[in-house]
Structure formats: structure tokens, C-alpha cells
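Participant: Sharing a structure, written as C-alpha cells. Questions coming.
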Amino acid sequence: MKNVQDIIIKPVITEKSMATLDAKRYTFRVQSNATKPEIAAAVEELFKVEVQDVNTIRMKRKPKR
């Protein structure tokens with residue numbers, strides 16, 4: 001398994017992600033090659049919580065002019 005700090009890069013701080021904190025949903029930027037079980041294990045080890053579900057999405061960057 002990879003190092004926990006290598007899998008989780010940083011939290012995402014946006015209005016939408018802050019609105020989901022009431023439902024105990026947290027948003028993180030992770031490595032693009034990390035799997036769902038690796039992400040769940042990293043969050044559980046780092047924050048000492050139990051992860052119920054992991055949702056992932058691959059977003060394209062906005063084009064630069």
C-alpha cells in the first residue's frame with residue numbers, strides 16, 4: 001500500500017463542498033491512480049474514522065487561453 005500522505009493530496013474547499021459538511025461528506029483531492037479501497041483506508045488511518053462510501057470523479061481542467 002502507498003503512503004497515506006501520498007494518496008490524499010489536499011481537501012477541496014469550495015461552497016459546494018462546505019455545504020455537504022452537514023451531511024458528513026468530505027471532499028479531498030487524491031492521486032489519479034488511487035483506488036477506492038486505498039482512498040478509504042487512507043482516510044480511516046489519517047482521521048481515525050469509519051468510511052461508509054467512497055465516490056470518485058475525474059474532472060478535466062478548464063482550457064487556458
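Residue numbers start at 1 in each chain; chains themselves are named A, B, ... in the order of the C-alpha cells; ligands are numbered from 1 in the order shown.
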When DSSP is applied to the backbone of this structure, which of chain A are assigned strand (DSSP E or B)? Write them out as a VMD selection string.

Facilitator: chain A and resid 8 to 11 28 to 30

Participant: Tell me which protein, DNA and RNA residues are within 8 Å of stretch 40-51 of chain A, counting only C-alpha atoms, leaving out same-chain ones fewer than 3 positions away, and put them as number ranges by chain.

Facilitator: A: 4, 7-8, 36-37, 54

Participant: How many Å lie between atom CA of A:Met59 and atom CA of A:Leu21, rounded to one decimal?

Facilitator: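 Computed distance, atom CA of A:Met59 to atom CA of A:Leu21, equals 21.2 Å.
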
Participant: What separation in Å, quoted to one decimal, exists between atom CA of A:Arg29 and atom CA of A:Ile57?

Facilitator: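 Here the two named atoms are 10.1 Å from each other.
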
Participant: Measure the distance from atom CA of A:Thr20 to atom CA of A:Lys60 in Å and round it to one decimal.

Facilitator: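 Straight-line distance from atom CA of A:Thr20 to atom CA of A:Lys60 works out to 22.2 Å.
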
Participant: Taking only C-alpha atoms into account, which of A:Glu38, A:Tyr26, A:Thr56, A:Arg65 comes nearest A:Asp6?

Facilitator: A:Glu38

Participant: Can you list, as a short mmCIF file (atom, residue, chain, number, x, y, z; two decimals) with N, CA and C atoms, in the first residue's frame, all residues belonging to chain A that DSSP tags as helix (DSSP H, G or I)?

Facilitator:
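Printed below is result.cif as written:
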data_model
loop_
_atom_site.label_atom_id
_atom_site.label_comp_id
_atom_site.auth_asym_id
_atom_site.auth_seq_id
_atom_site.Cartn_x
_atom_site.Cartn_y
_atom_site.Cartn_z
N VAL A 4 -0.01 7.12 3.21
CA VAL A 4 -1.28 7.85 3.35
C VAL A 4 -1.15 9.27 2.82
N GLN A 5 -0.05 9.93 3.10
CA GLN A 5 0.14 11.30 2.65
C GLN A 5 0.32 11.37 1.13
N ASP A 6 0.71 10.28 0.50
CA ASP A 6 0.84 10.26 -0.95
C ASP A 6 -0.51 10.12 -1.63
N ILE A 7 -1.45 9.43 -1.00
CA ILE A 7 -2.77 9.20 -1.60
C ILE A 7 -3.64 10.45 -1.50
N GLU A 15 -17.69 26.25 -2.03
CA GLU A 15 -19.00 26.44 -1.43
C GLU A 15 -19.79 25.14 -1.43
N LYS A 16 -19.72 24.40 -2.52
CA LYS A 16 -20.46 23.15 -2.61
C LYS A 16 -19.95 22.12 -1.62
N SER A 17 -18.63 22.00 -1.48
CA SER A 17 -18.08 21.02 -0.55
C SER A 17 -18.35 21.41 0.91
N MET A 18 -18.38 22.70 1.19
CA MET A 18 -18.70 23.15 2.55
C MET A 18 -20.17 22.92 2.88
N ALA A 19 -21.04 22.97 1.88
CA ALA A 19 -22.47 22.73 2.11
C ALA A 19 -22.75 21.27 2.45
N THR A 20 -21.90 20.37 1.99
CA THR A 20 -22.11 18.94 2.26
C THR A 20 -21.54 18.50 3.60
N LEU A 21 -20.91 19.39 4.34
CA LEU A 21 -20.36 19.02 5.65
C LEU A 21 -21.46 18.68 6.64
N ASP A 22 -22.64 19.27 6.48
CA ASP A 22 -23.76 18.96 7.38
C ASP A 22 -24.16 17.48 7.27
N ALA A 23 -24.02 16.92 6.07
CA ALA A 23 -24.34 15.52 5.84
C ALA A 23 -23.14 14.61 6.10
N LYS A 36 -10.49 3.05 -4.88
CA LYS A 36 -11.44 3.36 -3.81
C LYS A 36 -11.05 2.71 -2.48
N PRO A 37 -10.63 1.43 -2.47
CA PRO A 37 -10.20 0.84 -1.19
C PRO A 37 -8.97 1.54 -0.61
N GLU A 38 -8.04 1.97 -1.45
CA GLU A 38 -6.87 2.70 -0.96
C GLU A 38 -7.27 4.05 -0.37
N ILE A 39 -8.20 4.73 -1.01
CA ILE A 39 -8.66 6.03 -0.51
C ILE A 39 -9.37 5.85 0.83
N ALA A 40 -10.23 4.85 0.93
CA ALA A 40 -10.95 4.59 2.17
C ALA A 40 -9.98 4.25 3.30
N ALA A 41 -9.00 3.42 3.04
CA ALA A 41 -8.03 3.04 4.07
C ALA A 41 -7.20 4.24 4.50
N ALA A 42 -6.85 5.11 3.55
CA ALA A 42 -6.05 6.28 3.88
C ALA A 42 -6.83 7.25 4.76
N VAL A 43 -8.09 7.48 4.45
CA VAL A 43 -8.92 8.39 5.25
C VAL A 43 -9.14 7.80 6.64
N GLU A 44 -9.40 6.51 6.72
CA GLU A 44 -9.61 5.88 8.03
C GLU A 44 -8.36 5.97 8.89
N GLU A 45 -7.20 5.76 8.30
CA GLU A 45 -5.95 5.81 9.08
C GLU A 45 -5.60 7.24 9.49
N LEU A 46 -5.83 8.19 8.59
CA LEU A 46 -5.42 9.57 8.84
C LEU A 46 -6.33 10.27 9.84
N PHE A 47 -7.65 10.05 9.73
CA PHE A 47 -8.60 10.78 10.56
C PHE A 47 -9.25 9.93 11.64
#
